[in-house]
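Student: After the structure tokens below, expect a handful of questions from me.
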Amino acid sequence: MDINSVKKRIHQLRKEIDYHNKLYYEESRNIISDFDYDKKIQELIKLEELHPEFKSASSPSVKVGGKITKDFNTFNHNVPMLSLSNTYSNQDLFDFDKRVKKNLNVEEVEYLCELKYDGVALSIYYENGLFKRALTRGDGEKGDDISNNVITIKTLPLKLSESVDLEVRGEAFISKANFMMLNDEKRLNNEELFSNPRNTASGSLKMQDSSIVAERRINCYLYSLVSDKENITNQEESLNYLKNLGLNVPKTFKKCKNITDVKEYIDYWENKREDLDVETDGIVIKVNKLKYQKVLGNTAKSPRWAIAFKYKSESKKTKVLDIRFQVGRTGAITPVALLDPVELGGSIVKRASLHNSNEIERLDVRINDSVHIEKGGEIIPKVTKVETNERVLDTGKFKFINSCPACDTELKTIEDQAVHYCPNYKKCPPQVSGRIEHFISKNAMNIEFLGPETVKGLINEGLIRDVSDLYNLKYDDIIDLKFNIDEEDKIRSLKNKSCENILRSIEKSKENEFSNVLFGLGIRYVGKTTAKKLAKSLKSIDAIISADYDKFIEVDEIGDKIAQSLIKYFNDSENLLIIQKLKSSGLIFSDEDTNQIKSTNLKNKIFVISGKFENYSREELQKVIEENSGKVSKSLSSKTSFLLAGENMGPKKKIKAKDLKISVINEKEFFDLL
């Protein structure tokens, strides 16, 4: 390779790796296998070593990856959070052992082996035995403070069994069982499914509302003591020490007297790890003696005393029968490869995601190609490699469509993104049905007995065009309505009992609160929590319609993106007509409780209510606070004014309130304050 080709290849590799780092660390998703990613890293490192004139301090070969978000405070790590070097081969493993022994000038080295959990790395600080702070890996030097979210992890103690100052590191994850439960709830609500446990955990820990994080059932294993302790001389002792402090240390670690024992441990867990309720992707091998670790030291990116042996994801080869395009509720177009059915991970796979136009171009995938697919923790498998040498005919590059597959409208693209979308928001059938399915979902209007297939049947028969038409449906309209129930085009029709149940649930939905209706409208970026805050702050749909940008920005947690989306939605005459029809049908479009302001005695005061009370329920206390201009939050933060504490309140809240210097008051003290 000539010098210009080397320079060009280094530039290309850096660009590709930065792109995949951005997806992984900032968007909590990945579109190539770990194996392929690591191959790119290794190739880049090798080229930079051979050509040091092209080395750069900003190269991903010397950076851990990740980016600091603007939504959280950041802190420096006491000790940099480095990433481990990866290997997939036995030879690399034995070479690692040789390097370690040579650098230490010893004949044999004792190792500690641990399972490598597929989650989110955390650094957690305790002061006098009390939880102080939790940071993400970030860029390795400093990380985001996500303490409010981490304290929702039930397996992480906020108070240790000893009053010690220390820093520990671990992995936050969602178990396989809990991940399935979360997606079962998504299915019931007709919502898009989470992609995989790792990305779900990562995305959850970066959320602003810790009450939602608490519902995600995140777990945490601790695997490293960063602080020095005089009586601890090796890795095994440090893990036992953490376990005695009350921290959640997995039981699967094992001390190995040499590299042969390490290999036996790797072989033992290769298949047995599938029986665990947590995703694992390899084994972490660490030099056991801490003094040896210090002698070996670190590179700019990785410790020299540890390595990760990665198991290759199960991969199967199959054929692409066709490439089709799906239209989402928001108009986003997703390409999907239809495959010659193949068994993978215990199930028959017929489809694989191709993500976007960039991914199709990167893979150069074409119809009739032989491809490799991987599943891992993904819901939908992905194409990881194309066997270009097996092509019989040169059919030319597959071209991304220019018009919507559902309504033939010319597609648009978003600047600096590979996302194509259909702008025919109002009439594109999948977008129309998607909005109606969102409206009837459990977290919105909760219209039971009316599923996605029935909605499509109603649209096909011209009985509904938007959500307001649901409230005009009559028994005679829907009896014997025909609709498809699966991909095989089997037909069903509505019978008497189903019709009665649907009409009864539509009528019952009129009792839903204003915030449910507002969320059900499907306004871009307006989730359940935002809808509640809008309803409580502006109190009625009329006030929201007439609000300007500055008024929206005043509402707690509403920023520029949401404000602009609200203005665009309520400036559309057709949206206003739908709202008027829903009003006429009897839906609730005001938050009457929040209109009854009795005083401003609690203005600018934020309360968290916890425990059981003698004379009032928590809901009644919340109403009293809001009637007197105060606010109620679900989680403690530096902005909290008072923790209103009843009996049987959990100890975690008391500890955190003390740490944040928040006043803790009882029921009597609250009414004295009022």
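By convention here, the chains of the structure tokens are called A, B, ... in the order presented, each chain's residues are numbered starting at 1, and ligands are numbered starting at 1 in the order presented.
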Could you please write out, as an MDAnalysis selection string, every residue of stretch 392-587 of chain A that DSSP assigns to strand (DSSP E)?
Tutor: chainID A and resid 412:413 420:421 482:484 491:493
Student: Take the residues that were just selected and, keeping N, CA, C and O atoms, output them as a PDB file, in the first residue's frame.
Tutor:
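Below is the file result-v3.pdb, written as the result:
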```
ATOM      1  N   LYS A 412     -38.509  12.856   1.751  1.00  0.00           N
ATOM      2  CA  LYS A 412     -37.610  13.931   2.164  1.00  0.00           C
ATOM      3  C   LYS A 412     -36.522  13.335   3.050  1.00  0.00           C
ATOM      4  O   LYS A 412     -36.675  12.240   3.596  1.00  0.00           O
ATOM      5  N   THR A 413     -35.425  14.062   3.204  1.00  0.00           N
ATOM      6  CA  THR A 413     -34.361  13.627   4.120  1.00  0.00           C
ATOM      7  C   THR A 413     -34.106  14.714   5.147  1.00  0.00           C
ATOM      8  O   THR A 413     -34.374  15.890   4.907  1.00  0.00           O
ATOM      9  N   HIS A 420     -34.804   8.843   5.808  1.00  0.00           N
ATOM     10  CA  HIS A 420     -35.768   9.299   4.810  1.00  0.00           C
ATOM     11  C   HIS A 420     -37.152   9.259   5.459  1.00  0.00           C
ATOM     12  O   HIS A 420     -37.444   8.352   6.237  1.00  0.00           O
ATOM     13  N   TYR A 421     -38.001  10.212   5.120  1.00  0.00           N
ATOM     14  CA  TYR A 421     -39.342  10.189   5.681  1.00  0.00           C
ATOM     15  C   TYR A 421     -40.359  10.680   4.666  1.00  0.00           C
ATOM     16  O   TYR A 421     -40.051  11.434   3.732  1.00  0.00           O
ATOM     17  N   LYS A 482     -64.628  -6.723   8.111  1.00  0.00           N
ATOM     18  CA  LYS A 482     -63.583  -7.690   7.775  1.00  0.00           C
ATOM     19  C   LYS A 482     -62.203  -7.045   7.878  1.00  0.00           C
ATOM     20  O   LYS A 482     -62.005  -5.899   7.508  1.00  0.00           O
ATOM     21  N   PHE A 483     -61.232  -7.826   8.405  1.00  0.00           N
ATOM     22  CA  PHE A 483     -59.857  -7.335   8.537  1.00  0.00           C
ATOM     23  C   PHE A 483     -58.896  -8.508   8.550  1.00  0.00           C
ATOM     24  O   PHE A 483     -59.264  -9.639   8.890  1.00  0.00           O
ATOM     25  N   ASN A 484     -57.622  -8.243   8.158  1.00  0.00           N
ATOM     26  CA  ASN A 484     -56.578  -9.279   8.162  1.00  0.00           C
ATOM     27  C   ASN A 484     -56.063  -9.472   9.577  1.00  0.00           C
ATOM     28  O   ASN A 484     -55.940  -8.508  10.345  1.00  0.00           O
ATOM     29  N   ILE A 491     -58.529 -13.786   6.976  1.00  0.00           N
ATOM     30  CA  ILE A 491     -59.561 -12.771   7.202  1.00  0.00           C
ATOM     31  C   ILE A 491     -60.421 -13.147   8.397  1.00  0.00           C
ATOM     32  O   ILE A 491     -60.821 -14.304   8.572  1.00  0.00           O
ATOM     33  N   ARG A 492     -60.714 -12.157   9.226  1.00  0.00           N
ATOM     34  CA  ARG A 492     -61.693 -12.307  10.303  1.00  0.00           C
ATOM     35  C   ARG A 492     -62.725 -11.218  10.167  1.00  0.00           C
ATOM     36  O   ARG A 492     -62.503 -10.208   9.489  1.00  0.00           O
ATOM     37  N   SER A 493     -63.844 -11.369  10.864  1.00  0.00           N
ATOM     38  CA  SER A 493     -64.860 -10.313  10.868  1.00  0.00           C
ATOM     39  C   SER A 493     -65.380 -10.122  12.279  1.00  0.00           C
ATOM     40  O   SER A 493     -65.355 -11.047  13.106  1.00  0.00           O
TER      41      SER A 493
END
```
Student: Near stretch 452-466 of chain A, counting only C-alpha atoms, which residues have an atom at most 9 Å away, once you skip same-chain residues fewer than 6 positions from it, shown as a PyMOL selection string?
Tutor: chain A and resi 190+426-427+429-430+432-437+472-473+477-478+481-486+494+578
Student: Need to verify the contact set: A:Ile31, 10 Å, only C-alpha atoms, exclusion of same-chain residues closer than 5 positions in sequence. Can you return it as a VMD selection string?
Tutor: chain A and resid 20 23 to 24 37 353 to 355 359 382 to 384
Student: Can those selected residues be exported to a file as a tab-separated table (two decimals), in the first residue's frame so that it contains N, CA and C atoms?
Tutor:
```tsv
chain	number	residue	atom	x	y	z
A	20	HIS	N	-19.53	4.85	14.34
A	20	HIS	CA	-20.07	3.76	15.16
A	20	HIS	C	-20.00	4.10	16.65
A	23	LEU	N	-23.03	6.28	17.35
A	23	LEU	CA	-24.24	5.48	17.46
A	23	LEU	C	-24.31	4.76	18.80
A	24	TYR	N	-23.18	4.16	19.20
A	24	TYR	CA	-23.16	3.31	20.40
A	24	TYR	C	-23.27	4.13	21.68
A	37	TYR	N	-16.31	-4.34	14.55
A	37	TYR	CA	-15.83	-3.08	15.12
A	37	TYR	C	-14.39	-3.23	15.60
A	353	SER	N	-33.27	-6.18	9.80
A	353	SER	CA	-33.26	-4.73	9.60
A	353	SER	C	-32.02	-4.30	8.82
A	354	LEU	N	-32.22	-3.33	7.93
A	354	LEU	CA	-31.10	-2.70	7.21
A	354	LEU	C	-30.94	-1.24	7.64
A	355	HIS	N	-31.73	-0.81	8.61
A	355	HIS	CA	-31.60	0.47	9.30
A	355	HIS	C	-31.89	1.70	8.43
A	359	GLU	N	-26.61	2.42	5.70
A	359	GLU	CA	-26.26	1.04	5.99
A	359	GLU	C	-26.36	0.18	4.73
A	382	LYS	N	-29.95	-8.45	12.38
A	382	LYS	CA	-29.37	-7.49	11.46
A	382	LYS	C	-28.40	-8.19	10.52
A	383	VAL	N	-28.28	-7.64	9.32
A	383	VAL	CA	-27.33	-8.15	8.34
A	383	VAL	C	-25.96	-7.59	8.69
A	384	THR	N	-24.96	-8.46	8.85
A	384	THR	CA	-23.63	-8.01	9.26
A	384	THR	C	-22.59	-8.11	8.14
```
Student: Would you mind listing what lies within 12 Å of A:Glu270 as a list of chain:residue names, with only C-alpha atoms counted and same-chain residues fewer than 2 positions away left out?
Tutor: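 With the cut-off at 12 Å, the set is A:Leu115, A:Lys116, A:Lys263, A:Glu264, A:Tyr265, A:Ile266, A:Asp267, A:Tyr268, A:Lys272, A:Arg273, A:Glu274, A:Asp275, A:Leu276, A:Thr280, A:Asp281, A:Gly282, A:Ile283, A:Phe309, A:Lys310, A:Tyr311, A:Lys312, A:Ser313, A:Glu314.
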Student: Please return, as a PyMOL selection string, all residues of stretch 215-297 of chain A that DSSP assigns to helix (DSSP H, G or I) on the basis of the backbone.
Tutor: chain A and resi 235-244+259-275+290-296
Student: Name the residues in contact with A:Lys581 at a cut-off of 8 Å, using only C-alpha atoms, excluding same-chain residues fewer than 4 positions from it; report them as a ChimeraX atom specification.
Tutor: /A:468,577,585
Student: Excluding A:Leu44 and its own-chain neighbours fewer than 3 positions away, which residues fall within 12 Å of it when counting only C-alpha atoms? Please give them as a PyMOL selection string.
Tutor: chain A and resi 6-17+37-41+47-52+54-56+59-62
Student: Would you save the residues from that selection as a tab-separated table (two decimals), in the first residue's frame, using N, CA, C and O atoms?
Tutor:
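This went into selection-v7.tsv:
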```tsv
chain	number	residue	atom	x	y	z
A	6	VAL	N	-2.34	4.60	2.37
A	6	VAL	CA	-2.32	4.42	3.82
A	6	VAL	C	-3.04	5.58	4.50
A	6	VAL	O	-3.89	5.39	5.38
A	7	LYS	N	-2.69	6.80	4.09
A	7	LYS	CA	-3.31	7.99	4.68
A	7	LYS	C	-4.82	7.98	4.46
A	7	LYS	O	-5.60	8.29	5.38
A	8	LYS	N	-5.23	7.61	3.26
A	8	LYS	CA	-6.65	7.57	2.93
A	8	LYS	C	-7.38	6.52	3.76
A	8	LYS	O	-8.48	6.74	4.27
A	9	ARG	N	-6.74	5.33	3.92
A	9	ARG	CA	-7.36	4.25	4.69
A	9	ARG	C	-7.47	4.63	6.16
A	9	ARG	O	-8.50	4.35	6.81
A	10	ILE	N	-6.44	5.27	6.72
A	10	ILE	CA	-6.49	5.72	8.13
A	10	ILE	C	-7.64	6.70	8.32
A	10	ILE	O	-8.41	6.61	9.28
A	11	HIS	N	-7.76	7.64	7.39
A	11	HIS	CA	-8.83	8.64	7.47
A	11	HIS	C	-10.20	7.97	7.41
A	11	HIS	O	-11.12	8.30	8.17
A	12	GLN	N	-10.32	6.99	6.50
A	12	GLN	CA	-11.59	6.28	6.35
A	12	GLN	C	-11.95	5.50	7.62
A	12	GLN	O	-13.09	5.52	8.08
A	13	LEU	N	-10.96	4.78	8.18
A	13	LEU	CA	-11.20	4.00	9.40
A	13	LEU	C	-11.60	4.89	10.56
A	13	LEU	O	-12.52	4.57	11.33
A	14	ARG	N	-10.90	6.02	10.72
A	14	ARG	CA	-11.25	6.95	11.81
A	14	ARG	C	-12.69	7.45	11.67
A	14	ARG	O	-13.43	7.54	12.65
A	15	LYS	N	-13.06	7.77	10.44
A	15	LYS	CA	-14.41	8.27	10.19
A	15	LYS	C	-15.45	7.21	10.51
A	15	LYS	O	-16.47	7.49	11.16
A	16	GLU	N	-15.21	5.97	10.06
A	16	GLU	CA	-16.15	4.87	10.32
A	16	GLU	C	-16.27	4.57	11.81
A	16	GLU	O	-17.37	4.39	12.35
A	17	ILE	N	-15.12	4.51	12.51
A	17	ILE	CA	-15.12	4.19	13.93
A	17	ILE	C	-15.80	5.30	14.73
A	17	ILE	O	-16.59	5.03	15.64
A	37	TYR	N	-16.31	-4.34	14.55
A	37	TYR	CA	-15.83	-3.08	15.12
A	37	TYR	C	-14.39	-3.23	15.60
A	37	TYR	O	-13.52	-2.39	15.32
A	38	ASP	N	-14.13	-4.32	16.33
A	38	ASP	CA	-12.78	-4.54	16.86
A	38	ASP	C	-11.76	-4.73	15.75
A	38	ASP	O	-10.60	-4.32	15.88
A	39	LYS	N	-12.18	-5.36	14.64
A	39	LYS	CA	-11.26	-5.52	13.51
A	39	LYS	C	-10.85	-4.16	12.94
A	39	LYS	O	-9.69	-3.95	12.57
A	40	LYS	N	-11.79	-3.24	12.88
A	40	LYS	CA	-11.49	-1.89	12.38
A	40	LYS	C	-10.50	-1.18	13.32
A	40	LYS	O	-9.56	-0.53	12.87
A	41	ILE	N	-10.74	-1.31	14.63
A	41	ILE	CA	-9.84	-0.70	15.61
A	41	ILE	C	-8.43	-1.26	15.48
A	41	ILE	O	-7.43	-0.52	15.46
A	47	LEU	N	-1.91	0.32	11.45
A	47	LEU	CA	-1.48	1.31	10.44
A	47	LEU	C	-0.80	2.50	11.10
A	47	LEU	O	0.20	3.02	10.59
A	48	GLU	N	-1.33	2.94	12.25
A	48	GLU	CA	-0.74	4.09	12.95
A	48	GLU	C	0.63	3.74	13.53
A	48	GLU	O	1.51	4.60	13.61
A	49	GLU	N	0.79	2.49	13.95
A	49	GLU	CA	2.10	2.06	14.47
A	49	GLU	C	3.13	1.99	13.35
A	49	GLU	O	4.30	2.36	13.54
A	50	LEU	N	2.70	1.52	12.18
A	50	LEU	CA	3.61	1.43	11.04
A	50	LEU	C	3.93	2.80	10.44
A	50	LEU	O	4.98	3.00	9.85
A	51	HIS	N	2.98	3.74	10.63
A	51	HIS	CA	3.14	5.08	10.06
A	51	HIS	C	2.86	6.13	11.14
A	51	HIS	O	1.81	6.78	11.14
A	52	PRO	N	3.81	6.30	12.08
A	52	PRO	CA	3.59	7.23	13.21
A	52	PRO	C	3.40	8.68	12.75
A	52	PRO	O	2.89	9.49	13.53
A	54	PHE	N	1.25	9.71	10.87
A	54	PHE	CA	-0.18	9.97	10.74
A	54	PHE	C	-0.92	9.84	12.08
A	54	PHE	O	-2.15	9.90	12.12
A	55	LYS	N	-0.18	9.64	13.17
A	55	LYS	CA	-0.83	9.53	14.48
A	55	LYS	C	-1.48	10.85	14.85
A	55	LYS	O	-1.01	11.93	14.48
A	56	SER	N	-2.59	10.75	15.63
A	56	SER	CA	-3.32	11.95	16.04
A	56	SER	C	-3.88	11.74	17.44
A	56	SER	O	-4.36	10.65	17.77
A	59	SER	N	-7.47	10.58	17.46
A	59	SER	CA	-7.82	9.32	16.81
A	59	SER	C	-8.62	8.43	17.76
A	59	SER	O	-8.32	8.35	18.95
A	60	PRO	N	-9.64	7.73	17.23
A	60	PRO	CA	-10.41	6.81	18.10
A	60	PRO	C	-9.58	5.66	18.63
A	60	PRO	O	-10.01	4.95	19.54
A	61	SER	N	-8.36	5.46	18.10
A	61	SER	CA	-7.49	4.40	18.62
A	61	SER	C	-6.94	4.73	19.99
A	61	SER	O	-6.50	3.84	20.71
A	62	VAL	N	-6.98	6.00	20.37
A	62	VAL	CA	-6.46	6.39	21.69
A	62	VAL	C	-7.54	7.00	22.56
A	62	VAL	O	-7.28	7.51	23.63
```
Student: Near stretch 160-167 of chain A, counting only C-alpha atoms, which residues have an atom at most 10 Å away, once you skip same-chain residues fewer than 2 positions from it, shown as a PyMOL selection string?
Tutor: chain A and resi 77-79+123-134+156-158+169+224-229+242+244-247
Student: Next, dump the selected residues to file, keeping only N, CA and C atoms, as an mmCIF file, in the first residue's frame.
Tutor:
```cif
data_model
loop_
_atom_site.group_PDB
_atom_site.id
_atom_site.type_symbol
_atom_site.label_atom_id
_atom_site.label_comp_id
_atom_site.auth_asym_id
_atom_site.auth_seq_id
_atom_site.Cartn_x
_atom_site.Cartn_y
_atom_site.Cartn_z
ATOM 1 N N HIS A 77 -13.191 11.699 36.604
ATOM 2 C CA HIS A 77 -12.968 10.439 37.314
ATOM 3 C C HIS A 77 -11.680 10.552 38.119
ATOM 4 N N ASN A 78 -11.679 10.022 39.337
ATOM 5 C CA ASN A 78 -10.447 10.004 40.141
ATOM 6 C C ASN A 78 -9.353 9.213 39.436
ATOM 7 N N VAL A 79 -9.766 8.112 38.815
ATOM 8 C CA VAL A 79 -8.875 7.277 38.006
ATOM 9 C C VAL A 79 -9.567 7.107 36.660
ATOM 10 N N SER A 123 -19.224 4.354 37.368
ATOM 11 C CA SER A 123 -18.293 4.579 38.464
ATOM 12 C C SER A 123 -19.091 5.177 39.616
ATOM 13 N N ILE A 124 -19.047 4.517 40.776
ATOM 14 C CA ILE A 124 -19.930 4.890 41.890
ATOM 15 C C ILE A 124 -19.086 5.248 43.105
ATOM 16 N N TYR A 125 -19.423 6.373 43.730
ATOM 17 C CA TYR A 125 -18.659 6.903 44.860
ATOM 18 C C TYR A 125 -19.490 6.832 46.148
ATOM 19 N N TYR A 126 -18.823 6.376 47.219
ATOM 20 C CA TYR A 126 -19.429 6.365 48.552
ATOM 21 C C TYR A 126 -18.569 7.223 49.485
ATOM 22 N N GLU A 127 -19.235 7.945 50.375
ATOM 23 C CA GLU A 127 -18.545 8.789 51.359
ATOM 24 C C GLU A 127 -19.105 8.474 52.738
ATOM 25 N N ASN A 128 -18.239 8.063 53.660
ATOM 26 C CA ASN A 128 -18.677 7.612 54.990
ATOM 27 C C ASN A 128 -19.725 6.505 54.886
ATOM 28 N N GLY A 129 -19.577 5.673 53.869
ATOM 29 C CA GLY A 129 -20.497 4.553 53.701
ATOM 30 C C GLY A 129 -21.802 4.895 53.022
ATOM 31 N N LEU A 130 -22.011 6.177 52.682
ATOM 32 C CA LEU A 130 -23.263 6.617 52.052
ATOM 33 C C LEU A 130 -23.039 6.920 50.576
ATOM 34 N N PHE A 131 -24.015 6.555 49.766
ATOM 35 C CA PHE A 131 -23.937 6.833 48.332
ATOM 36 C C PHE A 131 -23.758 8.334 48.106
ATOM 37 N N LYS A 132 -22.809 8.682 47.252
ATOM 38 C CA LYS A 132 -22.548 10.090 46.965
ATOM 39 C C LYS A 132 -22.838 10.449 45.518
ATOM 40 N N ARG A 133 -22.343 9.629 44.581
ATOM 41 C CA ARG A 133 -22.453 10.026 43.175
ATOM 42 C C ARG A 133 -22.237 8.809 42.270
ATOM 43 N N ALA A 134 -22.862 8.842 41.083
ATOM 44 C CA ALA A 134 -22.628 7.820 40.057
ATOM 45 C C ALA A 134 -22.354 8.512 38.735
ATOM 46 N N LEU A 156 -28.597 -1.772 44.216
ATOM 47 C CA LEU A 156 -27.458 -0.928 44.595
ATOM 48 C C LEU A 156 -27.738 -0.276 45.950
ATOM 49 N N PRO A 157 -26.988 -0.649 47.008
ATOM 50 C CA PRO A 157 -27.257 -0.064 48.331
ATOM 51 C C PRO A 157 -26.855 1.406 48.397
ATOM 52 N N LEU A 158 -27.659 2.209 49.071
ATOM 53 C CA LEU A 158 -27.308 3.610 49.299
ATOM 54 C C LEU A 158 -26.495 3.763 50.579
ATOM 55 N N ARG A 169 -16.591 0.284 40.639
ATOM 56 C CA ARG A 169 -17.081 0.310 39.267
ATOM 57 C C ARG A 169 -17.872 -0.952 38.968
ATOM 58 N N SER A 224 -15.268 -4.014 40.457
ATOM 59 C CA SER A 224 -13.935 -3.439 40.633
ATOM 60 C C SER A 224 -13.908 -2.444 41.789
ATOM 61 N N LEU A 225 -12.928 -2.589 42.660
ATOM 62 C CA LEU A 225 -12.657 -1.622 43.715
ATOM 63 C C LEU A 225 -11.516 -0.732 43.241
ATOM 64 N N VAL A 226 -11.800 0.549 43.065
ATOM 65 C CA VAL A 226 -10.789 1.470 42.547
ATOM 66 C C VAL A 226 -9.914 2.010 43.675
ATOM 67 N N SER A 227 -10.520 2.265 44.825
ATOM 68 C CA SER A 227 -9.777 2.826 45.960
ATOM 69 C C SER A 227 -8.803 1.805 46.545
ATOM 70 N N ASP A 228 -7.663 2.280 47.022
ATOM 71 C CA ASP A 228 -6.665 1.405 47.648
ATOM 72 C C ASP A 228 -7.070 1.069 49.084
ATOM 73 N N LYS A 229 -6.928 -0.209 49.464
ATOM 74 C CA LYS A 229 -7.148 -0.653 50.834
ATOM 75 C C LYS A 229 -5.920 -1.461 51.255
ATOM 76 N N LEU A 242 -16.036 -6.152 48.621
ATOM 77 C CA LEU A 242 -17.221 -5.439 48.124
ATOM 78 C C LEU A 242 -18.497 -6.197 48.474
ATOM 79 N N ASN A 244 -18.941 -8.148 51.065
ATOM 80 C CA ASN A 244 -19.186 -7.992 52.509
ATOM 81 C C ASN A 244 -19.744 -6.616 52.854
ATOM 82 N N LEU A 245 -19.459 -5.620 52.005
ATOM 83 C CA LEU A 245 -20.009 -4.274 52.225
ATOM 84 C C LEU A 245 -21.489 -4.194 51.853
ATOM 85 N N GLY A 246 -21.993 -5.241 51.199
ATOM 86 C CA GLY A 246 -23.400 -5.255 50.799
ATOM 87 C C GLY A 246 -23.620 -4.953 49.332
ATOM 88 N N LEU A 247 -22.523 -4.866 48.556
ATOM 89 C CA LEU A 247 -22.650 -4.573 47.130
ATOM 90 C C LEU A 247 -22.939 -5.853 46.337
#
```
Student: Expressed in Å to a single decimal, how great is the separation between atom CA of A:Thr409 and atom CA of A:Arg329?
Tutor: 15.3 Å
Student: Nearest to A:Gly331: which of A:Arg217, A:Ala535, A:Lys661, A:Cys407 is it, counting only C-alpha atoms?
Tutor: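 Using only C-alpha atoms, A:Gly331 sits closest to A:Cys407.
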Student: How far is it from atom CA of A:Lys316 to atom CA of A:Gln91, in Å with one decimal?
Tutor: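 Interatomic distance here is 24.8 Å.
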Student: Can you tell me how far atom CA of A:Thr529 sits from atom CA of A:Leu450, in Å to one decimal?
Tutor: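 Atom CA of A:Leu450 lies at a distance of 24.5 Å from atom CA of A:Thr529.
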Student: Which of these, A:Thr74, A:Gln293, A:Ser370, A:Asn240, has the shortest distance to A:Gly143 once you count only C-alpha atoms?
Tutor: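 Nearest candidate to A:Gly143 out of A:Thr74, A:Gln293, A:Ser370, A:Asn240: A:Thr74.
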